[in-house]
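Peer 1: File follows, model_14.pdb with PDB, C-alpha atoms and all ligand atoms:
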```
ATOM      1  CA  MET X   1       0.000   0.000   0.000
ATOM      2  CA  ARG X   2       1.226   3.513  -0.756
ATOM      3  CA  ILE X   3       2.575   5.275   2.317
ATOM      4  CA  ASP X   4       0.324   8.309   1.744
ATOM      5  CA  LYS X   5      -2.768   6.086   1.591
ATOM      6  CA  LEU X   6      -1.739   4.204   4.731
ATOM      7  CA  LEU X   7      -1.170   7.390   6.730
ATOM      8  CA  ALA X   8      -4.385   8.979   5.478
ATOM      9  CA  ASN X   9      -6.289   5.792   6.383
ATOM     10  CA  VAL X  10      -5.016   5.779   9.945
ATOM     11  CA  GLY X  11      -6.020   9.384  10.486
ATOM     12  CA  TYR X  12      -3.148  11.677   9.511
ATOM     13  CA  GLY X  13      -5.440  13.841   7.385
ATOM     14  CA  SER X  14      -5.903  14.036   3.634
ATOM     15  CA  ARG X  15      -3.335  12.765   1.148
ATOM     16  CA  LYS X  16      -2.282  16.410   0.740
ATOM     17  CA  ASP X  17      -1.714  16.776   4.505
ATOM     18  CA  VAL X  18       0.235  13.535   4.513
ATOM     19  CA  LYS X  19       2.422  14.672   1.617
ATOM     20  CA  LYS X  20       3.392  17.774   3.601
ATOM     21  CA  MET X  21       4.114  15.677   6.682
ATOM     22  CA  LEU X  22       6.280  13.254   4.696
ATOM     23  CA  LYS X  23       8.417  16.155   3.470
ATOM     24  CA  THR X  24       9.381  16.954   7.062
ATOM     25  CA  GLY X  25      11.074  13.562   7.416
ATOM     26  CA  VAL X  26       9.101  12.324  10.428
ATOM     27  CA  VAL X  27       7.963   9.090   8.745
ATOM     28  CA  LYS X  28      10.175   5.997   8.728
ATOM     29  CA  ALA X  29       9.804   2.433   7.492
ATOM     30  CA  ASP X  30      12.186  -0.015   9.182
ATOM     31  CA  GLY X  31      14.255   2.954  10.324
ATOM     32  CA  GLU X  32      14.589   4.599   6.909
ATOM     33  CA  VAL X  33      13.085   8.028   6.351
ATOM     34  CA  ILE X  34      10.375   8.038   3.663
ATOM     35  CA  LYS X  35       9.632  11.309   1.935
ATOM     36  CA  ASP X  36       8.100  10.086  -1.320
ATOM     37  CA  PRO X  37       4.299   9.599  -0.994
ATOM     38  CA  LYS X  38       4.370   7.014  -3.799
ATOM     39  CA  ILE X  39       6.592   4.554  -1.920
ATOM     40  CA  HIS X  40       4.816   1.274  -1.098
ATOM     41  CA  VAL X  41       5.034  -0.222   2.385
ATOM     42  CA  ASN X  42       3.580  -3.347   3.951
ATOM     43  CA  PRO X  43       2.288  -2.372   7.418
ATOM     44  CA  ASP X  44       2.029  -6.069   8.431
ATOM     45  CA  GLU X  45       5.703  -6.718   7.778
ATOM     46  CA  GLN X  46       7.393  -3.349   8.080
ATOM     47  CA  HIS X  47       7.839  -1.186  11.152
ATOM     48  CA  VAL X  48       6.287   2.110  10.026
ATOM     49  CA  THR X  49       6.584   5.041  12.446
ATOM     50  CA  VAL X  50       5.570   8.689  12.632
ATOM     51  CA  ASN X  51       7.748  10.680  15.035
ATOM     52  CA  GLY X  52       8.922   7.338  16.410
ATOM     53  CA  GLU X  53       5.407   6.051  17.103
ATOM     54  CA  LYS X  54       4.428   2.806  15.455
ATOM     55  CA  ILE X  55       1.504   2.830  13.040
ATOM     56  CA  GLU X  56      -1.050   0.138  13.853
ATOM     57  CA  TYR X  57      -2.921  -0.584  10.663
ATOM     58  CA  LYS X  58      -5.983  -2.811  10.496
ATOM     59  CA  GLU X  59      -7.777  -3.274   7.241
ATOM     60  CA  PHE X  60     -11.043  -4.232   8.884
ATOM     61  CA  VAL X  61     -12.719  -3.019  12.018
ATOM     62  CA  TYR X  62     -15.579  -4.832  13.779
ATOM     63  CA  LEU X  63     -17.476  -2.983  16.492
ATOM     64  CA  ILE X  64     -20.430  -3.707  18.746
ATOM     65  CA  MET X  65     -22.315  -0.674  20.037
ATOM     66  CA  ASN X  66     -25.109  -0.202  22.545
ATOM     67  CA  LYS X  67     -26.916   2.348  20.404
ATOM     68  CA  PRO X  68     -28.725   5.154  22.198
ATOM     69  CA  ALA X  69     -32.042   6.530  20.959
ATOM     70  CA  GLY X  70     -31.704   9.756  18.977
ATOM     71  CA  TYR X  71     -28.988   8.620  16.562
ATOM     72  CA  LEU X  72     -29.464   7.545  12.957
ATOM     73  CA  SER X  73     -28.036   4.199  11.820
ATOM     74  CA  ALA X  74     -26.263   5.870   8.924
ATOM     75  CA  THR X  75     -22.756   7.018   8.122
ATOM     76  CA  GLU X  76     -23.667  10.650   7.536
ATOM     77  CA  ASP X  77     -26.579  13.021   7.611
ATOM     78  CA  GLU X  78     -26.744  16.725   7.003
ATOM     79  CA  LEU X  79     -28.949  17.515   9.956
ATOM     80  CA  GLN X  80     -29.041  14.690  12.428
ATOM     81  CA  GLU X  81     -26.439  12.873  14.478
ATOM     82  CA  THR X  82     -25.460   9.403  13.331
ATOM     83  CA  VAL X  83     -23.950   6.472  15.193
ATOM     84  CA  ILE X  84     -20.618   7.324  13.548
ATOM     85  CA  ASP X  85     -20.589  10.519  15.644
ATOM     86  CA  LEU X  86     -20.271   8.265  18.710
ATOM     87  CA  LEU X  87     -16.989   6.723  17.516
ATOM     88  CA  GLU X  88     -13.471   7.719  18.517
ATOM     89  CA  MET X  89     -11.440   9.221  15.680
ATOM     90  CA  GLU X  90      -9.189   6.136  15.497
ATOM     91  CA  ASP X  91     -12.235   3.938  14.737
ATOM     92  CA  ALA X  92     -14.093   6.422  12.549
ATOM     93  CA  VAL X  93     -11.093   6.716  10.200
ATOM     94  CA  CYS X  94     -11.575   3.034   9.267
ATOM     95  CA  GLN X  95     -14.964   4.105   7.849
ATOM     96  CA  PRO X  96     -17.184   1.469   9.441
ATOM     97  CA  PHE X  97     -20.896   1.425   8.586
ATOM     98  CA  PRO X  98     -23.833  -0.052  10.481
ATOM     99  CA  VAL X  99     -24.735  -3.673   9.660
ATOM    100  CA  GLY X 100     -28.423  -3.107   8.951
ATOM    101  CA  ARG X 101     -30.470  -0.421  10.585
ATOM    102  CA  LEU X 102     -32.069   0.335  13.885
ATOM    103  CA  ASP X 103     -34.674   3.098  13.900
ATOM    104  CA  LYS X 104     -33.626   6.441  15.346
ATOM    105  CA  ASP X 105     -35.640   5.745  18.515
ATOM    106  CA  THR X 106     -34.482   2.119  18.863
ATOM    107  CA  GLU X 107     -31.692   1.261  21.271
ATOM    108  CA  GLY X 108     -29.348  -1.651  21.677
ATOM    109  CA  LEU X 109     -27.053  -3.920  19.777
ATOM    110  CA  LEU X 110     -25.667  -2.476  16.576
ATOM    111  CA  LEU X 111     -22.731  -3.978  14.729
ATOM    112  CA  LEU X 112     -20.497  -1.704  12.685
ATOM    113  CA  THR X 113     -17.813  -2.813  10.275
ATOM    114  CA  ASN X 114     -16.060  -1.875   7.055
ATOM    115  CA  ASP X 115     -16.072  -5.555   6.016
ATOM    116  CA  GLY X 116     -18.650  -5.429   3.231
ATOM    117  CA  GLN X 117     -18.549  -9.162   2.695
ATOM    118  CA  LEU X 118     -19.414 -10.038   6.300
ATOM    119  CA  SER X 119     -22.091  -7.362   6.421
ATOM    120  CA  HIS X 120     -23.662  -8.676   3.225
ATOM    121  CA  GLN X 121     -23.550 -12.221   4.550
ATOM    122  CA  LEU X 122     -25.339 -11.220   7.763
ATOM    123  CA  LEU X 123     -28.020  -9.235   5.946
ATOM    124  CA  SER X 124     -28.652 -11.326   2.843
ATOM    125  CA  PRO X 125     -32.252 -12.559   2.846
ATOM    126  CA  LYS X 126     -31.068 -16.152   2.422
ATOM    127  CA  LYS X 127     -28.852 -15.909   5.453
ATOM    128  CA  HIS X 128     -30.847 -13.572   7.599
ATOM    129  CA  VAL X 129     -29.626 -14.322  11.076
ATOM    130  CA  PRO X 130     -32.090 -14.187  13.996
ATOM    131  CA  LYS X 131     -32.386 -10.899  15.843
ATOM    132  CA  THR X 132     -33.981 -10.631  19.250
ATOM    133  CA  TYR X 133     -35.564  -7.489  20.655
ATOM    134  CA  TYR X 134     -36.917  -6.477  24.024
ATOM    135  CA  ALA X 135     -39.956  -4.221  23.742
ATOM    136  CA  THR X 136     -42.610  -2.549  25.813
ATOM    137  CA  ILE X 137     -46.022  -2.623  24.214
ATOM    138  CA  LEU X 138     -49.066  -0.479  24.780
ATOM    139  CA  GLY X 139     -51.828  -3.055  25.149
ATOM    140  CA  SER X 140     -52.142  -6.522  26.543
ATOM    141  CA  VAL X 141     -50.057  -9.014  24.562
ATOM    142  CA  LYS X 142     -51.747 -12.415  24.577
ATOM    143  CA  GLU X 143     -51.298 -16.033  23.554
ATOM    144  CA  GLU X 144     -53.177 -15.274  20.311
ATOM    145  CA  ASP X 145     -50.417 -12.804  19.352
ATOM    146  CA  ILE X 146     -47.828 -15.539  19.863
ATOM    147  CA  GLU X 147     -49.822 -17.750  17.476
ATOM    148  CA  ALA X 148     -50.293 -14.936  14.941
ATOM    149  CA  PHE X 149     -46.578 -14.094  14.906
ATOM    150  CA  LYS X 150     -45.702 -17.783  14.583
ATOM    151  CA  LYS X 151     -47.901 -18.069  11.482
ATOM    152  CA  GLY X 152     -46.859 -14.691  10.037
ATOM    153  CA  VAL X 153     -48.822 -11.449  10.047
ATOM    154  CA  GLU X 154     -49.738  -9.153   7.180
ATOM    155  CA  LEU X 155     -48.052  -5.743   7.351
ATOM    156  CA  ASP X 156     -49.603  -2.486   6.105
ATOM    157  CA  ASP X 157     -48.060  -2.991   2.641
ATOM    158  CA  GLY X 158     -49.487  -6.514   2.268
ATOM    159  CA  TYR X 159     -46.204  -8.296   3.062
ATOM    160  CA  VAL X 160     -46.659 -11.409   5.180
ATOM    161  CA  THR X 161     -43.876 -11.855   7.705
ATOM    162  CA  LYS X 162     -41.898 -15.049   8.195
ATOM    163  CA  PRO X 163     -42.501 -16.935  11.437
ATOM    164  CA  ALA X 164     -41.379 -14.981  14.484
ATOM    165  CA  ASP X 165     -40.963 -16.113  18.046
ATOM    166  CA  LEU X 166     -42.805 -14.001  20.620
ATOM    167  CA  GLU X 167     -42.293 -14.444  24.342
ATOM    168  CA  ILE X 168     -44.488 -12.556  26.798
ATOM    169  CA  LEU X 169     -42.552 -11.356  29.829
ATOM    170  CA  THR X 170     -45.375  -9.369  31.474
ATOM    171  CA  SER X 171     -48.872  -8.677  30.238
ATOM    172  CA  GLY X 172     -51.245  -5.875  31.230
ATOM    173  CA  ASN X 173     -52.191  -2.408  29.932
ATOM    174  CA  GLN X 174     -48.486  -2.228  29.195
ATOM    175  CA  SER X 175     -46.752  -5.469  28.260
ATOM    176  CA  THR X 176     -43.115  -6.424  27.972
ATOM    177  CA  ILE X 177     -41.929  -8.992  25.476
ATOM    178  CA  HIS X 178     -39.022 -10.598  23.668
ATOM    179  CA  ILE X 179     -39.415 -11.107  19.944
ATOM    180  CA  THR X 180     -37.075 -12.924  17.568
ATOM    181  CA  ILE X 181     -37.316 -12.273  13.844
ATOM    182  CA  THR X 182     -35.209 -13.476  10.942
ATOM    183  CA  GLU X 183     -35.940 -10.608   8.556
ATOM    184  CA  GLY X 184     -35.163  -6.933   8.448
ATOM    185  CA  LYS X 185     -38.123  -5.152   6.903
ATOM    186  CA  TYR X 186     -38.502  -1.435   7.537
ATOM    187  CA  HIS X 187     -39.909  -0.842  11.079
ATOM    188  CA  GLN X 188     -40.640  -4.546  11.157
ATOM    189  CA  VAL X 189     -41.319  -5.108  14.853
ATOM    190  CA  LYS X 190     -43.383  -1.929  15.173
ATOM    191  CA  ARG X 191     -45.445  -2.828  12.120
ATOM    192  CA  MET X 192     -45.955  -6.400  13.302
ATOM    193  CA  PHE X 193     -47.482  -5.124  16.536
ATOM    194  CA  GLU X 194     -49.554  -2.579  14.611
ATOM    195  CA  SER X 195     -50.969  -5.470  12.592
ATOM    196  CA  VAL X 196     -52.364  -6.962  15.825
ATOM    197  CA  GLY X 197     -53.657  -3.590  17.070
ATOM    198  CA  LYS X 198     -50.859  -2.747  19.515
ATOM    199  CA  LYS X 199     -48.131  -0.138  19.741
ATOM    200  CA  VAL X 200     -44.442  -0.539  20.484
ATOM    201  CA  THR X 201     -43.479   2.178  22.950
ATOM    202  CA  TYR X 202     -39.859   1.129  23.511
ATOM    203  CA  LEU X 203     -37.605  -1.118  21.446
ATOM    204  CA  LYS X 204     -34.132  -2.446  22.108
ATOM    205  CA  ARG X 205     -32.190  -5.084  20.190
ATOM    206  CA  ILE X 206     -30.534  -7.535  22.549
ATOM    207  CA  SER X 207     -28.960 -10.046  20.175
ATOM    208  CA  MET X 208     -27.984 -10.598  16.586
ATOM    209  CA  GLY X 209     -27.103 -14.141  15.599
ATOM    210  CA  PRO X 210     -24.545 -15.438  18.082
ATOM    211  CA  ILE X 211     -23.728 -11.980  19.498
ATOM    212  CA  LYS X 212     -25.522 -10.846  22.636
ATOM    213  CA  LEU X 213     -25.580  -7.394  24.166
ATOM    214  CA  ASP X 214     -24.132  -7.346  27.672
ATOM    215  CA  GLU X 215     -25.507  -4.149  29.162
ATOM    216  CA  ASP X 216     -23.313  -4.389  32.266
ATOM    217  CA  GLU X 217     -20.278  -4.254  30.052
ATOM    218  CA  LEU X 218     -21.518  -1.802  27.406
ATOM    219  CA  LYS X 219     -23.521   1.097  28.741
ATOM    220  CA  ILE X 220     -25.802   2.974  26.408
ATOM    221  CA  GLY X 221     -23.730   4.883  23.844
ATOM    222  CA  GLU X 222     -20.620   2.770  24.454
ATOM    223  CA  TYR X 223     -18.957   0.419  22.020
ATOM    224  CA  ARG X 224     -16.011  -1.931  21.791
ATOM    225  CA  GLU X 225     -14.200  -4.034  19.221
ATOM    226  CA  LEU X 226     -15.519  -7.545  18.715
ATOM    227  CA  THR X 227     -13.110 -10.279  19.781
ATOM    228  CA  GLU X 228     -11.577 -12.657  17.212
ATOM    229  CA  ASP X 229     -13.879 -15.406  18.557
ATOM    230  CA  GLU X 230     -16.969 -13.237  18.116
ATOM    231  CA  ILE X 231     -15.955 -12.371  14.538
ATOM    232  CA  GLU X 232     -15.490 -16.086  13.777
ATOM    233  CA  LEU X 233     -18.927 -16.854  15.261
ATOM    234  CA  LEU X 234     -20.473 -14.185  13.052
ATOM    235  CA  ARG X 235     -18.756 -15.552   9.957
ATOM    236  CA  HIS X 236     -20.368 -18.907  10.663
ATOM    237  CA  ALA X 237     -23.766 -17.570  11.769
ATOM    238  CA  GLN X 238     -26.514 -19.650  10.247
ATOM    239  CA  PRO X 239     -30.123 -18.774   9.455
ATOM    240  CA  ILE X 240     -32.655 -20.490  11.716
ATOM    241  CA  GLU X 241     -36.210 -21.696  11.144
ATOM    242  CA  LEU X 242     -38.604 -20.376  13.751
TER     243      LEU X 242
HETATM  244  N1  LIG S 301     -38.029  -3.251  14.068
HETATM  245  C1  LIG S 301     -38.416  -1.975  14.196
HETATM  246  O1  LIG S 301     -39.593  -1.662  14.116
HETATM  247  N2  LIG S 301     -37.465  -1.039  14.431
HETATM  248  C2  LIG S 301     -36.154  -1.342  14.557
HETATM  249  O2  LIG S 301     -35.336  -0.448  14.785
HETATM  250  C3  LIG S 301     -35.775  -2.678  14.420
HETATM  251  C4  LIG S 301     -36.732  -3.629  14.172
END
```
Have the structure of the file written as structure tokens, please.

Peer 2:
Amino acid sequence: MRIDKLLANVGYGSRKDVKKMLKTGVVKADGEVIKDPKIHVNPDEQHVTVNGEKIEYKEFVYLIMNKPAGYLSATEDELQETVIDLLEMEDAVCQPFPVGRLDKDTEGLLLLTNDGQLSHQLLSPKKHVPKTYYATILGSVKEEDIEAFKKGVELDDGYVTKPADLEILTSGNQSTIHITITEGKYHQVKRMFESVGKKVTYLKRISMGPIKLDEDELKIGEYRELTEDEIELLRHAQPIEL
């Protein structure tokens, strides 16, 4: 990879900024000063430093975030804050994007990566991995809703959902539930409850495939890198029949 691209990728500004920096002689590869932005280096094999500090270059970044309400699951927006605004500079420079979307008012588990292949694999309709949500519902959720969701319900646009697993945690004027779905239609959980005459008043994703949100570890708005084991589990995540 060209040295100017590497340095720009890890956050040293634009290629133009990097070119200026290179001229000052602060960049070295295996101890040799590099001034030419066109020189190729291999950050896995060579010791590349800026002012003596080693450059840690990762091609891919994999993050798990406990998304707060109020942020868009997008990489940029002219008016509103996005989940990317919650990232440290060193992670944002890798240009991760959300794996699928959570609504602006939905909280919980959101994966972010710049690995397009893994993201595609997790979202492809053939491989749609199960996603579980915790929700509070205005209205009394009943056994008949469990049956309806198991069979599939018709959404406002005529689409009939695939079988979903509904678990009632508490039922009353306000109910609390867990729901597992294997699809990712727009506002899917909210629209499923609308189809049975109820309203989602709070929604939080608590798992996606093999990855679970640990809210003791990740407070709302926090994120961390996935471990190698978690990334492997995601690569092998399988669709399930509900
Ligand atoms: N279903 C919804 O309605 N909203 C989400 O954010 C996710 C699933």

Peer 1: If the PyMOL selection byres (((chain X and resi 206) around 7) and not hetatm) is run on the structure shown, which residues does it catch, given as number ranges by chain?

Peer 2: X: 108-109, 132-134, 204-205, 207, 212-213

Peer 1: Could you list, as number ranges by chain, all the residues within 8 Å of ligand LIG 301 (chain S), counting only C-alpha atoms and all ligand atoms?

Peer 2: X: 101-107, 133, 184-192, 203-205

Peer 1: Just say which residues the PyMOL selection byres (((chain X and resi 162-169) around 9) and not hetatm) picks in this file, as an MDAnalysis selection string.

Peer 2: chainID X and resid 132 141:143 145:153 160:161 170:171 175:183 241:242

Peer 1: To verify the selection step, state as a list in words which residues the PyMOL selection byres (((chain X and resi 29) around 9) and not hetatm) yields on this input.

Peer 2: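 The output of the PyMOL selection byres (((chain X and resi 29) around 9) and not hetatm) on this file is Val27, Lys28, Asp30, Gly31, Glu32, Val33, Ile34, Val41, Pro43, Gln46, His47, Val48 and Thr49 of chain X.
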
Peer 1: From the options X:Pro98, X:Glu56, X:Asp115, X:Ala92, which residue's atoms come nearest to Leu72 in chain X, counting all atoms listed in the file?

Peer 2: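 Residue with the minimum atom-to-atom distance to Leu72 in chain X: X:Pro98.
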
Peer 1: Tell me, as a count of residues only, which residues lie within 12 Å of Lys23 in chain X, counting only C-alpha atoms; anything in the same chain fewer than 6 positions away does not count.

Peer 2: 8

Peer 1: Since the input has fewer atoms than a full residue there, write range 74-91 of chain X out with N, CA and C atoms, as a PDB file, in the coordinates of the input.

Peer 2:
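As a result, selection-v6.pdb now contains:
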```
ATOM      1  N   ALA X  74     -26.737   5.466  10.249  1.00  0.00           N
ATOM      2  CA  ALA X  74     -26.263   5.870   8.924  1.00  0.00           C
ATOM      3  C   ALA X  74     -24.831   6.356   9.099  1.00  0.00           C
ATOM      4  N   THR X  75     -24.141   6.555   7.988  1.00  0.00           N
ATOM      5  CA  THR X  75     -22.756   7.018   8.122  1.00  0.00           C
ATOM      6  C   THR X  75     -22.680   8.534   8.126  1.00  0.00           C
ATOM      7  N   GLU X  76     -23.651   9.181   7.463  1.00  0.00           N
ATOM      8  CA  GLU X  76     -23.667  10.650   7.536  1.00  0.00           C
ATOM      9  C   GLU X  76     -25.068  11.182   7.289  1.00  0.00           C
ATOM     10  N   ASP X  77     -25.295  12.356   7.824  1.00  0.00           N
ATOM     11  CA  ASP X  77     -26.579  13.021   7.611  1.00  0.00           C
ATOM     12  C   ASP X  77     -26.346  14.511   7.788  1.00  0.00           C
ATOM     13  N   GLU X  78     -27.012  15.286   6.959  1.00  0.00           N
ATOM     14  CA  GLU X  78     -26.744  16.725   7.003  1.00  0.00           C
ATOM     15  C   GLU X  78     -27.228  17.376   8.287  1.00  0.00           C
ATOM     16  N   LEU X  79     -28.332  16.834   8.826  1.00  0.00           N
ATOM     17  CA  LEU X  79     -28.949  17.515   9.956  1.00  0.00           C
ATOM     18  C   LEU X  79     -28.843  16.763  11.283  1.00  0.00           C
ATOM     19  N   GLN X  80     -28.921  15.442  11.185  1.00  0.00           N
ATOM     20  CA  GLN X  80     -29.041  14.690  12.428  1.00  0.00           C
ATOM     21  C   GLN X  80     -27.759  13.937  12.755  1.00  0.00           C
ATOM     22  N   GLU X  81     -27.624  13.613  14.052  1.00  0.00           N
ATOM     23  CA  GLU X  81     -26.439  12.873  14.478  1.00  0.00           C
ATOM     24  C   GLU X  81     -26.574  11.413  14.067  1.00  0.00           C
ATOM     25  N   THR X  82     -25.452  10.822  13.700  1.00  0.00           N
ATOM     26  CA  THR X  82     -25.460   9.403  13.331  1.00  0.00           C
ATOM     27  C   THR X  82     -24.603   8.621  14.330  1.00  0.00           C
ATOM     28  N   VAL X  83     -24.736   7.305  14.268  1.00  0.00           N
ATOM     29  CA  VAL X  83     -23.950   6.472  15.193  1.00  0.00           C
ATOM     30  C   VAL X  83     -22.449   6.660  14.989  1.00  0.00           C
ATOM     31  N   ILE X  84     -22.043   7.105  13.803  1.00  0.00           N
ATOM     32  CA  ILE X  84     -20.618   7.324  13.548  1.00  0.00           C
ATOM     33  C   ILE X  84     -20.106   8.472  14.429  1.00  0.00           C
ATOM     34  N   ASP X  85     -20.992   9.407  14.770  1.00  0.00           N
ATOM     35  CA  ASP X  85     -20.589  10.519  15.644  1.00  0.00           C
ATOM     36  C   ASP X  85     -20.211  10.036  17.048  1.00  0.00           C
ATOM     37  N   LEU X  86     -20.585   8.798  17.379  1.00  0.00           N
ATOM     38  CA  LEU X  86     -20.271   8.265  18.710  1.00  0.00           C
ATOM     39  C   LEU X  86     -18.895   7.583  18.752  1.00  0.00           C
ATOM     40  N   LEU X  87     -18.262   7.460  17.575  1.00  0.00           N
ATOM     41  CA  LEU X  87     -16.989   6.723  17.516  1.00  0.00           C
ATOM     42  C   LEU X  87     -15.795   7.635  17.785  1.00  0.00           C
ATOM     43  N   GLU X  88     -14.759   7.025  18.376  1.00  0.00           N
ATOM     44  CA  GLU X  88     -13.471   7.719  18.517  1.00  0.00           C
ATOM     45  C   GLU X  88     -12.895   7.898  17.116  1.00  0.00           C
ATOM     46  N   MET X  89     -12.079   8.931  16.971  1.00  0.00           N
ATOM     47  CA  MET X  89     -11.440   9.221  15.680  1.00  0.00           C
ATOM     48  C   MET X  89     -10.738   7.991  15.100  1.00  0.00           C
ATOM     49  N   GLU X  90      -9.995   7.272  15.988  1.00  0.00           N
ATOM     50  CA  GLU X  90      -9.189   6.136  15.497  1.00  0.00           C
ATOM     51  C   GLU X  90     -10.064   5.030  14.900  1.00  0.00           C
ATOM     52  N   ASP X  91     -11.326   4.940  15.317  1.00  0.00           N
ATOM     53  CA  ASP X  91     -12.235   3.938  14.737  1.00  0.00           C
ATOM     54  C   ASP X  91     -12.979   4.519  13.538  1.00  0.00           C
TER      55      ASP X  91
END
```
